[in-house]
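Here is upload.cif, consisting of mmCIF, C-alpha atoms:
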data_entry
loop_
_atom_site.label_atom_id
_atom_site.label_comp_id
_atom_site.auth_asym_id
_atom_site.auth_seq_id
_atom_site.Cartn_x
_atom_site.Cartn_y
_atom_site.Cartn_z
CA MET A 14 -16.82 22.38 -41.81
CA ALA A 15 -20.61 22.38 -41.92
CA THR A 16 -22.05 18.89 -41.57
CA ILE A 17 -25.46 17.24 -41.93
CA ILE A 18 -27.39 15.59 -39.11
CA THR A 19 -30.80 13.94 -38.92
CA ARG A 20 -33.20 14.96 -36.18
CA ASN A 21 -36.85 13.97 -35.97
CA LYS A 22 -36.50 12.54 -39.49
CA HIS A 23 -35.45 15.93 -40.89
CA LEU A 24 -32.07 17.13 -42.16
CA TYR A 25 -30.14 19.95 -40.47
CA ILE A 26 -26.86 21.75 -41.16
CA VAL A 27 -24.60 21.92 -38.08
CA TYR A 28 -21.88 24.58 -38.22
CA TYR A 29 -19.55 26.55 -35.96
CA ASP A 30 -20.13 30.31 -35.89
CA ARG A 31 -16.64 31.75 -35.53
CA ILE A 32 -18.03 35.25 -34.94
CA LYS A 33 -20.30 34.33 -32.05
CA LYS A 34 -18.05 31.44 -31.02
CA SER A 35 -20.82 28.86 -30.75
CA THR A 36 -22.09 25.74 -32.54
CA ARG A 37 -25.38 26.35 -34.29
CA GLN A 38 -27.98 24.47 -36.35
CA LYS A 39 -29.94 25.44 -39.44
CA THR A 40 -32.93 23.51 -40.77
CA LEU A 41 -33.04 22.64 -44.46
CA GLY A 42 -36.75 21.82 -44.51
CA LEU A 43 -35.96 18.41 -46.02
CA VAL A 44 -37.14 15.00 -44.87
CA SER A 45 -34.31 12.50 -44.35
CA SER A 46 -33.75 10.34 -47.43
CA LYS A 47 -30.83 9.27 -49.68
CA GLU A 48 -31.94 11.67 -52.38
CA ASN A 49 -32.29 14.60 -49.97
CA LEU A 50 -29.02 13.77 -48.24
CA LYS A 51 -27.14 14.44 -51.49
CA ILE A 52 -28.94 17.77 -51.85
CA ALA A 53 -28.18 18.60 -48.21
CA LYS A 54 -24.44 17.95 -48.60
CA ILE A 55 -24.26 20.33 -51.57
CA ALA A 56 -26.23 22.92 -49.52
CA ALA A 57 -23.82 22.46 -46.60
CA LYS A 58 -20.79 23.22 -48.79
CA GLU A 59 -22.44 26.34 -50.19
CA PHE A 60 -23.47 27.43 -46.70
CA GLN A 61 -19.93 26.90 -45.38
CA LYS A 62 -18.60 29.18 -48.13
CA GLU A 63 -21.24 31.76 -47.20
CA ILE A 64 -20.30 31.80 -43.51
CA ASP A 65 -16.58 31.88 -44.37
CA ASP A 66 -17.17 34.97 -46.52
CA LYS A 67 -19.21 36.52 -43.71
CA TYR A 68 -16.40 35.84 -41.22
CA GLN A 69 -13.87 37.39 -43.59
CA LYS A 70 -15.98 40.56 -43.88
CA PHE A 71 -16.37 40.60 -40.10
CA ASN A 72 -12.59 40.38 -39.62
CA THR A 73 -12.01 43.38 -41.85
CA SER A 74 -14.91 45.40 -40.35
CA GLY A 75 -13.09 46.07 -37.10
CA VAL A 76 -16.07 44.98 -34.95
CA ARG A 77 -15.00 44.25 -31.36
CA LEU A 78 -16.36 41.29 -29.44
CA ILE A 79 -17.59 42.69 -26.12
CA THR A 80 -20.76 42.11 -24.10
CA LEU A 81 -23.73 44.47 -23.94
CA ASP A 82 -23.10 45.19 -20.25
CA VAL A 83 -19.49 46.24 -20.92
CA ALA A 84 -20.61 48.48 -23.78
CA TYR A 85 -23.34 50.11 -21.67
CA ASP A 86 -20.84 50.79 -18.89
CA HIS A 87 -18.66 52.57 -21.49
CA PHE A 88 -21.73 54.50 -22.70
CA LYS A 89 -22.50 55.65 -19.14
CA ARG A 90 -18.95 56.83 -18.55
CA LEU A 91 -19.06 58.93 -21.73
CA ASN A 92 -22.33 60.50 -20.55
CA ALA A 93 -21.43 60.88 -16.88
CA ASP A 94 -21.82 64.67 -17.00
CA LYS A 95 -25.40 64.54 -18.30
CA HIS A 96 -28.32 65.84 -16.23
CA PRO A 97 -29.60 63.30 -13.62
CA ASN A 98 -32.97 63.13 -15.40
CA THR A 99 -31.24 62.26 -18.66
CA LYS A 100 -29.20 59.53 -16.98
CA ASN A 101 -32.39 58.12 -15.45
CA GLU A 102 -33.85 57.96 -18.98
CA TYR A 103 -30.81 55.91 -20.04
CA GLU A 104 -31.37 53.48 -17.17
CA ARG A 105 -35.07 53.04 -17.93
CA PHE A 106 -34.24 52.38 -21.59
CA TYR A 107 -31.53 49.85 -20.70
CA ARG A 108 -33.83 47.88 -18.39
CA LEU A 109 -36.31 47.45 -21.25
CA PHE A 110 -33.65 46.88 -23.90
CA THR A 111 -32.09 44.01 -21.94
CA GLU A 112 -35.43 42.22 -22.01
CA GLN A 113 -34.69 41.75 -25.72
CA TYR A 114 -30.90 41.27 -25.48
CA ALA A 115 -29.21 39.57 -22.52
CA LYS A 116 -26.70 41.75 -20.66
CA ASP A 117 -23.95 39.14 -21.00
CA SER A 118 -24.56 38.53 -24.71
CA PRO A 119 -22.17 39.92 -27.36
CA CYS A 120 -23.13 43.29 -28.82
CA LEU A 121 -22.73 41.58 -32.17
CA ASN A 122 -26.11 39.91 -31.51
CA ILE A 123 -27.83 43.28 -31.84
CA ASN A 124 -29.41 43.34 -35.27
CA LYS A 125 -32.01 45.23 -37.29
CA LEU A 126 -34.81 42.64 -37.10
CA ASP A 127 -34.73 42.07 -33.33
CA THR A 128 -34.27 45.76 -32.57
CA GLU A 129 -37.28 46.72 -34.70
CA ARG A 130 -39.26 43.96 -32.97
CA TRP A 131 -38.30 45.54 -29.63
CA LEU A 132 -39.50 48.93 -30.89
CA LEU A 133 -42.86 47.45 -31.92
CA ASP A 134 -43.20 46.05 -28.38
CA ILE A 135 -42.44 49.51 -26.99
CA LYS A 136 -45.16 50.97 -29.21
CA SER A 137 -47.70 48.63 -27.62
CA LEU A 138 -46.83 49.64 -24.03
CA ASN A 139 -49.54 51.36 -22.01
CA LYS A 140 -47.47 54.53 -21.65
CA LYS A 141 -47.68 58.12 -22.87
CA GLN A 142 -46.59 58.68 -26.47
CA ASN A 143 -43.69 60.95 -25.49
CA THR A 144 -42.46 58.40 -22.93
CA LYS A 145 -42.26 55.82 -25.73
CA HIS A 146 -40.66 58.41 -28.00
CA ASN A 147 -37.94 58.96 -25.36
CA TYR A 148 -37.13 55.23 -25.42
CA TYR A 149 -36.74 55.51 -29.20
CA LYS A 150 -34.48 58.59 -28.87
CA VAL A 151 -32.20 56.86 -26.37
CA LEU A 152 -32.12 53.74 -28.55
CA LYS A 153 -30.85 55.78 -31.51
CA LYS A 154 -28.22 57.44 -29.33
CA PHE A 155 -27.08 54.08 -27.93
CA LEU A 156 -26.97 52.42 -31.36
CA ASN A 157 -24.91 55.29 -32.78
CA PHE A 158 -22.51 54.81 -29.87
CA LEU A 159 -22.25 51.05 -30.62
CA PHE A 160 -21.64 51.72 -34.31
CA GLU A 161 -19.05 54.41 -33.58
CA TYR A 162 -16.97 52.08 -31.40
CA ASN A 163 -17.43 49.07 -33.70
CA TYR A 164 -19.24 47.11 -31.00
CA CYS A 165 -21.79 45.83 -33.54
CA LEU A 166 -22.44 45.96 -37.26
CA PRO A 167 -24.31 49.12 -38.32
CA PHE A 168 -27.88 49.06 -39.61
CA LYS A 169 -30.70 51.53 -40.20
CA ILE A 170 -34.04 51.44 -38.38
CA ASN A 171 -37.00 51.29 -40.76
CA LYS A 172 -39.01 54.51 -40.52
CA GLU A 173 -42.19 52.45 -39.99
CA ALA A 174 -40.72 51.19 -36.69
CA ALA A 175 -39.82 54.71 -35.48
CA ILE A 176 -41.81 56.21 -32.60
CA PRO A 177 -42.65 59.88 -33.27
CA ALA A 178 -43.16 62.46 -30.54
CA GLU A 179 -46.69 63.54 -29.76
CA LEU A 180 -47.30 66.88 -31.43
CA ARG A 181 -49.66 68.91 -29.29
CA PRO A 182 -50.28 72.60 -28.61
CA ILE A 183 -47.77 74.08 -26.20
CA GLU A 184 -49.08 74.81 -22.67
CA ILE A 185 -48.44 78.42 -21.62
CA PHE A 186 -49.75 80.82 -18.98
CA ARG A 187 -53.16 82.32 -19.62
CA ASP A 188 -53.04 86.14 -19.70
CA GLU A 189 -55.37 86.47 -16.71
CA ASP A 190 -53.19 84.09 -14.66
CA VAL A 191 -50.04 86.08 -15.48
CA ILE A 192 -51.76 89.22 -14.22
CA LYS A 193 -52.81 87.41 -11.03
CA ILE A 194 -49.32 85.99 -10.44
CA PHE A 195 -47.63 89.39 -10.69
CA LYS A 196 -50.37 91.33 -8.92
CA GLN A 197 -49.86 89.49 -5.63
CA LEU A 198 -46.12 88.89 -5.99
CA GLY A 199 -45.25 91.96 -3.88
CA THR A 200 -46.44 90.16 -0.75
CA ARG A 201 -43.64 87.59 -1.10
CA SER A 202 -39.93 87.69 -0.29
CA THR A 203 -37.53 89.31 -2.76
CA ASN A 204 -36.00 85.84 -3.16
CA PHE A 205 -39.26 84.47 -4.56
CA GLN A 206 -39.99 87.66 -6.52
CA THR A 207 -36.57 87.36 -8.19
CA LEU A 208 -37.23 83.71 -9.05
CA VAL A 209 -40.52 84.50 -10.83
CA HIS A 210 -39.19 87.59 -12.61
CA LEU A 211 -36.06 85.80 -13.81
CA LEU A 212 -38.01 82.87 -15.23
CA PHE A 213 -40.62 85.09 -16.86
CA TYR A 214 -38.26 87.65 -18.43
CA THR A 215 -35.42 85.32 -19.50
CA GLY A 216 -37.10 82.03 -20.45
CA LEU A 217 -34.16 80.18 -18.88
CA ARG A 218 -34.38 76.78 -17.23
CA PRO A 219 -34.60 76.60 -13.41
CA SER A 220 -31.25 74.76 -13.46
CA ASP A 221 -29.75 77.68 -15.45
CA ILE A 222 -30.62 80.35 -12.90
CA ILE A 223 -30.20 78.58 -9.56
CA ASP A 224 -26.45 79.27 -9.28
CA ILE A 225 -26.35 82.81 -10.70
CA LYS A 226 -24.39 85.16 -8.43
CA SER A 227 -24.64 88.93 -8.13
CA GLU A 228 -21.27 89.20 -9.94
CA ASP A 229 -22.88 87.55 -12.97
CA ILE A 230 -25.24 90.52 -13.32
CA ASP A 231 -23.86 93.46 -15.33
CA LEU A 232 -26.38 96.23 -14.66
CA LYS A 233 -24.39 98.82 -16.60
CA ASN A 234 -24.43 96.83 -19.85
CA GLY A 235 -27.71 95.07 -19.07
CA THR A 236 -26.40 91.49 -19.38
CA LEU A 237 -26.59 88.28 -17.38
CA ARG A 238 -24.00 85.51 -17.38
CA TYR A 239 -24.94 81.92 -16.52
CA TYR A 240 -23.76 78.33 -16.86
CA SER A 241 -26.16 75.70 -18.27
CA ILE A 242 -25.70 72.24 -16.80
CA LYS A 243 -28.05 70.96 -19.53
CA THR A 244 -25.75 71.90 -22.41
CA ASP A 245 -22.49 72.29 -20.44
CA GLU A 246 -21.96 75.80 -21.81
CA HIS A 247 -21.54 79.36 -20.52
CA PHE A 248 -23.87 82.04 -21.91
CA ILE A 249 -24.32 85.79 -21.73
CA VAL A 250 -27.82 87.10 -22.47
CA PRO A 251 -29.37 90.58 -22.42
CA ILE A 252 -31.60 91.60 -19.50
CA HIS A 253 -35.10 92.88 -20.20
CA ASN A 254 -35.52 96.53 -19.07
CA ASP A 255 -38.43 95.59 -16.78
CA LEU A 256 -36.18 93.16 -14.94
CA LEU A 257 -33.30 95.57 -14.23
CA PRO A 258 -34.82 97.44 -11.19
CA LEU A 259 -35.54 94.21 -9.32
CA LEU A 260 -32.08 92.79 -10.03
CA LYS A 261 -30.49 96.02 -8.83
CA LYS A 262 -32.47 95.80 -5.59
CA ARG A 263 -31.70 92.11 -5.12
CA THR A 264 -27.93 92.41 -5.75
CA GLU A 265 -27.71 95.29 -3.25
CA GLU A 266 -29.56 93.12 -0.73
CA ILE A 267 -27.44 89.96 -1.03
CA GLY A 268 -23.96 91.32 -1.73
CA GLN A 269 -21.76 88.66 -3.32
CA GLU A 270 -24.04 85.70 -2.61
CA ASN A 271 -26.19 83.62 -4.98
CA LEU A 272 -29.04 85.61 -6.48
CA LEU A 273 -31.52 82.92 -5.39
CA ASN A 274 -31.61 81.22 -2.02
CA TYR A 275 -32.86 77.72 -2.90
CA ALA A 276 -31.10 74.43 -2.19
CA ASN A 277 -32.24 72.88 -5.48
CA THR A 278 -34.69 73.29 -8.35
CA ARG A 279 -37.18 70.98 -6.63
CA ASN A 280 -37.52 73.45 -3.76
CA MET A 281 -38.04 76.21 -6.31
CA GLY A 282 -40.88 74.22 -7.83
CA LYS A 283 -42.48 73.57 -4.45
CA ALA A 284 -42.36 77.28 -3.60
CA PHE A 285 -44.07 78.13 -6.88
CA ARG A 286 -46.81 75.50 -6.40
CA ARG A 287 -47.54 76.81 -2.88
CA TYR A 288 -47.82 80.33 -4.27
CA LEU A 289 -50.28 79.22 -6.96
CA GLU A 290 -52.42 77.51 -4.32
CA ASP A 291 -52.36 80.64 -2.14
CA ILE A 292 -53.56 82.88 -4.97
CA LYS A 293 -56.20 80.33 -6.04
CA ILE A 294 -54.67 79.18 -9.35
CA GLU A 295 -54.82 75.45 -10.06
CA SER A 296 -51.30 74.34 -9.11
CA LYS A 297 -51.28 71.22 -11.32
CA LYS A 298 -51.84 73.36 -14.38
CA TYR A 299 -48.46 75.11 -14.37
CA THR A 300 -44.84 74.30 -13.51
CA LEU A 301 -41.60 76.28 -13.58
CA ARG A 302 -41.11 75.00 -17.16
CA THR A 303 -44.27 76.89 -18.16
CA PHE A 304 -42.30 80.14 -17.85
CA ARG A 305 -39.88 78.93 -20.54
CA LYS A 306 -42.67 77.83 -22.87
CA SER A 307 -44.51 81.12 -22.33
CA PHE A 308 -41.34 83.11 -23.07
CA ILE A 309 -40.81 81.29 -26.37
CA SER A 310 -44.49 81.71 -27.23
CA ASN A 311 -44.34 85.47 -26.52
CA ALA A 312 -41.17 85.72 -28.61
CA TYR A 313 -42.97 84.00 -31.48
CA LYS A 314 -45.94 86.34 -31.24
CA SER A 315 -43.56 89.33 -31.14
CA GLY A 316 -41.96 88.18 -34.39
CA ILE A 317 -38.50 87.60 -32.93
CA ASP A 318 -36.24 85.65 -35.28
CA LEU A 319 -35.96 81.90 -34.61
CA ALA A 320 -32.15 81.99 -34.35
CA MET A 321 -32.31 84.88 -31.87
CA VAL A 322 -34.82 83.07 -29.63
CA SER A 323 -32.62 79.97 -29.73
CA LYS A 324 -29.70 82.02 -28.37
CA LEU A 325 -31.82 83.79 -25.75
CA VAL A 326 -33.11 80.57 -24.18
CA GLY A 327 -29.84 78.63 -24.55
CA HIS A 328 -30.95 75.89 -26.92
CA LYS A 329 -27.92 73.97 -28.14
CA GLN A 330 -29.57 73.35 -31.52
CA ILE A 331 -31.90 75.67 -33.39
CA THR A 332 -34.03 72.65 -34.34
CA THR A 333 -35.17 72.45 -30.70
CA THR A 334 -36.53 76.00 -30.89
CA ALA A 335 -38.08 75.21 -34.26
CA ARG A 336 -40.05 72.36 -32.65
CA TYR A 337 -41.41 74.81 -30.06
CA TYR A 338 -42.37 77.23 -32.82
CA ASN A 339 -44.10 74.43 -34.71
CA LYS A 340 -46.15 73.49 -31.65
CA ILE A 341 -47.16 77.12 -31.15
CA GLU A 342 -48.20 77.29 -34.79
CA ILE A 343 -50.33 74.17 -34.45
CA GLY A 344 -51.93 75.64 -31.31
CA GLN A 345 -52.79 78.85 -33.12
CA GLN A 346 -54.24 76.87 -36.01
CA HIS A 347 -56.46 75.00 -33.55
CA GLN A 348 -57.68 78.30 -32.13
CA ALA A 349 -58.36 79.63 -35.62
CA ILE A 350 -60.35 76.58 -36.73
CA ASN A 351 -62.32 76.57 -33.47
CA LYS A 352 -63.26 80.20 -34.04
CA LEU A 353 -64.36 79.29 -37.55
CA ILE A 354 -66.54 76.46 -36.23
CA MET A 355 -67.99 78.70 -33.53
CA GLN A 356 -68.77 81.36 -36.14
CA THR A 357 -70.41 78.77 -38.40
CA THR A 358 -72.53 77.61 -35.47
CA GLU A 359 -73.67 81.16 -34.83
CA ASP A 360 -74.54 81.57 -38.53
CA GLU A 361 -76.63 78.41 -38.40
CA LYS A 362 -78.50 79.79 -35.40
CA ASN A 363 -79.24 82.98 -37.30
CA ASP A 364 -80.56 80.95 -40.21
#
This entry written out as structure tokens:
Amino acid sequence: MATIITRNKHLYIVYYDRIKKSTRQKTLGLVSSKENLKIAKIAAKEFQKEIDDKYQKFNTSGVRLITLDVAYDHFKRLNADKHPNTKNEYERFYRLFTEQYAKDSPCLNINKLDTERWLLDIKSLNKKQNTKHNYYKVLKKFLNFLFEYNYCLPFKINKEAAIPAELRPIEIFRDEDVIKIFKQLGTRSTNFQTLVHLLFYTGLRPSDIIDIKSEDIDLKNGTLRYYSIKTDEHFIVPIHNDLLPLLKKRTEEIGQENLLNYANTRNMGKAFRRYLEDIKIESKKYTLRTFRKSFISNAYKSGIDLAMVSKLVGHKQITTTARYYNKIEIGQQHQAINKLIMQTTEDEKND
């Protein structure tokens, strides 16, 4: 039963929280006096009824009393097959999240107010916008997991506390750099030539193509089969006609081995950066991911349907491709407005 105590000449309600299993205090904002003591006792009875009703609702909600650390361990097991970079994002999020909520505290302590306060702190960090957006994405994923398993009571994040992604023009290869890359490619090994051609003509991720074998190439039907570790799916995509001669040459050369001879995607990236330096293209400007962005951009310019592009590049959700298309659109709008400003400037000069 909730009782009244006096502390520092003020009245407090003392009660036992059966959900969090701890004794707690609540100030009434009243100075200790006979008159106020009567008011406080009535308030204590009403408050006891309130917490009893809350406990009853909690009992019927199915919420399970486990600690945050136990829940996160469960979350990690469910996502054990995710890409290492994704799992690293989870760890970075959890380190920051447990600055707000103690690892050994009940998940039930996670609430709307404190979580939104944590998001506002994330917003103020001296980090890139998309880094902060990633923390927000992982938070939503983790909260949905907690709600699904009844580890805490569900709530909705206020849209004002959300952290949007930075919308900026997509970075793709300049036409003159593409010409330069392919012009001098013949001086390199067929292994490296195949790497560049595959990325350019398929738009696939480096992790998608690294384990492709010659048996995955169907030259007769012009198709390529691959497994995506990112989405945990198998795909078959058409091969561009310009890519077929090189793949024929490469498969004859390697027999039944892997199409590419690289230990990992990091080595692929290093090889590409060295090549850019050798042909005098700024190596920091482009990465292997630029091939994928350029492919999607070229598909957009060619008028290829959004759903078709999504299938070609192996996006699990069409909304991902749509975001790429939106960035391309914004980039083209920037170019258009800049041309307009440049033209206006020229007109002013003529005046």
Exercise for the section: Evaluate the PyMOL selection byres ((chain A and resi 160) around 12) and record the selected residues as number ranges by chain, following the chain and residue labels used in the document. Expected result: A: 74-77, 84, 88, 120-121, 123-124, 153-159, 161-169
Output file for the selection above: C-alpha atoms, as a PDB file, in the frame of the given file:
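Ended up saving to out-v6.pdb:
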ATOM      1  CA  SER A  74     -14.910  45.400 -40.350  1.00  0.00           C
ATOM      2  CA  GLY A  75     -13.090  46.070 -37.100  1.00  0.00           C
ATOM      3  CA  VAL A  76     -16.070  44.980 -34.950  1.00  0.00           C
ATOM      4  CA  ARG A  77     -15.000  44.250 -31.360  1.00  0.00           C
ATOM      5  CA  ALA A  84     -20.610  48.480 -23.780  1.00  0.00           C
ATOM      6  CA  PHE A  88     -21.730  54.500 -22.700  1.00  0.00           C
ATOM      7  CA  CYS A 120     -23.130  43.290 -28.820  1.00  0.00           C
ATOM      8  CA  LEU A 121     -22.730  41.580 -32.170  1.00  0.00           C
ATOM      9  CA  ILE A 123     -27.830  43.280 -31.840  1.00  0.00           C
ATOM     10  CA  ASN A 124     -29.410  43.340 -35.270  1.00  0.00           C
ATOM     11  CA  LYS A 153     -30.850  55.780 -31.510  1.00  0.00           C
ATOM     12  CA  LYS A 154     -28.220  57.440 -29.330  1.00  0.00           C
ATOM     13  CA  PHE A 155     -27.080  54.080 -27.930  1.00  0.00           C
ATOM     14  CA  LEU A 156     -26.970  52.420 -31.360  1.00  0.00           C
ATOM     15  CA  ASN A 157     -24.910  55.290 -32.780  1.00  0.00           C
ATOM     16  CA  PHE A 158     -22.510  54.810 -29.870  1.00  0.00           C
ATOM     17  CA  LEU A 159     -22.250  51.050 -30.620  1.00  0.00           C
ATOM     18  CA  GLU A 161     -19.050  54.410 -33.580  1.00  0.00           C
ATOM     19  CA  TYR A 162     -16.970  52.080 -31.400  1.00  0.00           C
ATOM     20  CA  ASN A 163     -17.430  49.070 -33.700  1.00  0.00           C
ATOM     21  CA  TYR A 164     -19.240  47.110 -31.000  1.00  0.00           C
ATOM     22  CA  CYS A 165     -21.790  45.830 -33.540  1.00  0.00           C
ATOM     23  CA  LEU A 166     -22.440  45.960 -37.260  1.00  0.00           C
ATOM     24  CA  PRO A 167     -24.310  49.120 -38.320  1.00  0.00           C
ATOM     25  CA  PHE A 168     -27.880  49.060 -39.610  1.00  0.00           C
ATOM     26  CA  LYS A 169     -30.700  51.530 -40.200  1.00  0.00           C
TER      27      LYS A 169
END
Practice task
Using all atoms listed in the file, pick whichever of A:Ile17, A:Leu289, A:Leu232, A:Val44 has the shortest atom-to-atom distance to Ala56 (chain A).
Solution key: A:Ile17
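Applied to the shown file, the PyMOL selection byres ((chain A and resi 240) around 10) selects the residues Ser220, Asp221, Ile222, Ile223, Asp224, Ile225, Arg238, Tyr239, Ser241, Ile242, Lys243, Thr244, Asp245, Glu246, His247, Phe248, Ile249 and Gly327 of chain A.
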Exercise for the section: Please evaluate the PyMOL selection byres ((chain A and resi 119) around 8) against the displayed coordinates and give the resulting residues as a count of residues only. Expected result: 11
Problem - Residue list as number ranges by chain for point (-44.4, 49.0, -30.6), cut-off 12 Å, all atoms listed in the file - result: A: 128-140, 142, 145-146, 148-149, 173-177
Practice task
Between CA of Phe213 (chain A) and CA of Arg305 (chain A), measure the distance and give it in Å to one decimal.
Solution key: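 Interatomic distance, CA of Phe213 (chain A) to CA of Arg305 (chain A): 7.2 Å.
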Handout entry: Two-atom distance - CA of Ala335 (chain A), CA of Leu319 (chain A) (Å)
Key =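 Pair CA of Ala335 (chain A) / CA of Leu319 (chain A) returns 7.0 Å.
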Exercise for the section: Measure the distance from CA of Asp190 (chain A) to CA of Ser323 (chain A) in Å and round it to one decimal. Expected result: 25.8 Å
Exercise for the section: Around the point (-40.4, 15.2, -36.1), in the coordinates given by the file, pick out the residues reaching within 12 Å, counting all atoms listed in the file, and return them as a PyMOL selection string. Expected result: chain A and resi 19-24+42-45
Exercise for the section: For Glu266 (chain A), please output as a list in words all residues within 12 Å (counting all atoms listed in the file; exclusion window: fewer than 4 positions along the same chain). Expected result: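 These residues fall inside the cut-off: Ser202, Thr203, Asn204, Thr207, Ser227, Leu259, Leu260, Lys261, Lys262, Glu270, Asn271, Leu272 and Leu273 of chain A.
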Could you turn the residues from that selection into a file that holds C-alpha atoms, as a short mmCIF file (atom, residue, chain, number, x, y, z; two decimals), in the coordinates of the input?
data_model
loop_
_atom_site.label_atom_id
_atom_site.label_comp_id
_atom_site.auth_asym_id
_atom_site.auth_seq_id
_atom_site.Cartn_x
_atom_site.Cartn_y
_atom_site.Cartn_z
CA SER A 202 -39.93 87.69 -0.29
CA THR A 203 -37.53 89.31 -2.76
CA ASN A 204 -36.00 85.84 -3.16
CA THR A 207 -36.57 87.36 -8.19
CA SER A 227 -24.64 88.93 -8.13
CA LEU A 259 -35.54 94.21 -9.32
CA LEU A 260 -32.08 92.79 -10.03
CA LYS A 261 -30.49 96.02 -8.83
CA LYS A 262 -32.47 95.80 -5.59
CA GLU A 270 -24.04 85.70 -2.61
CA ASN A 271 -26.19 83.62 -4.98
CA LEU A 272 -29.04 85.61 -6.48
CA LEU A 273 -31.52 82.92 -5.39
#
Handout entry: Distance query Thr334 (chain A) at most 8 Å, only C-alpha atoms, self and fewer than 3 positions along chain excluded, as a VMD selection string
Key = chain A and resid 319 322 to 323 328 330 to 331 337 to 338
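The residue that comes closest to Glu59 (chain A), out of A:Leu212, A:Ile26, A:Ala320, A:Ile183 and on the basis of only C-alpha atoms, is A:Ile26.
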Handout entry: Among listed residues A:Lys196, A:Arg218, A:Lys125, A:His210, nearest Ile170 (chain A) (using all atoms listed in the file)
Key =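 Distance minimum relative to Ile170 (chain A) lands on A:Lys125.
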Exercise for the section: Tell me which protein, DNA and RNA residues are within 8 Å of region 100-112 of chain A, counting only C-alpha atoms, leaving out same-chain ones fewer than 2 positions away, and put them as a ChimeraX atom specification. Expected result: /A:92-93,95-98,114-116,131,147-148,151-152
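Contact shell of Lys298 (chain A) at 12 Å (all atoms listed in the file; same-chain neighbours under 6 positions omitted): Glu184, Ile185, Phe186, Arg187, Asp190, Phe285, Arg286, Leu289 and Glu290 of chain A.
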